[in-house]
Amino acid sequence: MKKYFVFNGTISGWRYFIRLFLQQFLIFFFGLGLYLMAVTGYKRASALFEDKALRIFFSLSIVVNTILSSIFGFILGYENYDYSIFFEDTFSTILTLCYLFLNGLHFYLWFANSKIKDHSG
């Protein structure tokens, strides 16, 4: 159980995806899922990068991406909402571009090949 809470070791791309999928359900339990997502992103970035700053950047990008996804889901979930107003605003355009960039980082972590063949942690 300890291996899910510490920032050491590496994981494969598919384990990264499965963990993130399951950790989304834990967000409502005092934000525990957000912490676990940061740990998962850090572990996957450890398999791809040696630089600690990049590992931290990728782990935080997963958390920010999840928060932006929740915001978009909340805004676009209204039935009678005029979506053209949302997407004409400059701030909304910047949020959308940030969201697309962060999704690109997520897919890179998921599909990139690691130099490490035997992942532990």
# chains A, B, ... in the order shown; residues from 1 in each chain; ligands from 1
>>> residues_around(residues="Arg44 in chain A", least_positions_apart="2", cutoff="6 Å", atoms="only C-alpha atoms", output="PDB file with C-alpha atoms, in the first residue's frame")
ATOM      1  CA  THR A  10       8.840   3.942 -11.939  1.00  0.00           C
ATOM      2  CA  ILE A  11       5.726   2.618 -13.630  1.00  0.00           C
ATOM      3  CA  GLY A  41       2.623  11.357 -12.793  1.00  0.00           C
ATOM      4  CA  TYR A  42       5.948  11.706 -10.978  1.00  0.00           C
ATOM      5  CA  SER A  46      10.792   9.145 -13.558  1.00  0.00           C
ATOM      6  CA  ALA A  47      10.805   6.411 -16.171  1.00  0.00           C
TER       7      ALA A  47
END
>>> closest_residue(among="A:Leu22, A:Ile27, A:Ala45, A:Leu36", to="Phe111 in chain A", atoms="only C-alpha atoms")
A:Ala45
>>> atom_distance(atom1="CA of Cys98 in chain A", atom2="CA of Leu68 in chain A")
8.8 Å
>>> residues_around(residues="Thr40 in chain A", least_positions_apart="3", cutoff="12 Å", atoms="only C-alpha atoms", output="ChimeraX atom specification")
/A:3-24,33-37,43-47,55-56,58-63,106,109-110,121
>>> closest_residue(among="A:Ser114, A:Asp51, A:Ser92, A:Leu26", to="Ile71 in chain A", atoms="only C-alpha atoms")
A:Ser92
>>> closest_residue(among="A:Glu50, A:Phe57, A:Gly31, A:Asn65", to="Tyr99 in chain A", atoms="only C-alpha atoms")
A:Asn65
>>> atom_distance(atom1="CA of Ile75 in chain A", atom2="CA of Tyr108 in chain A")
26.8 Å
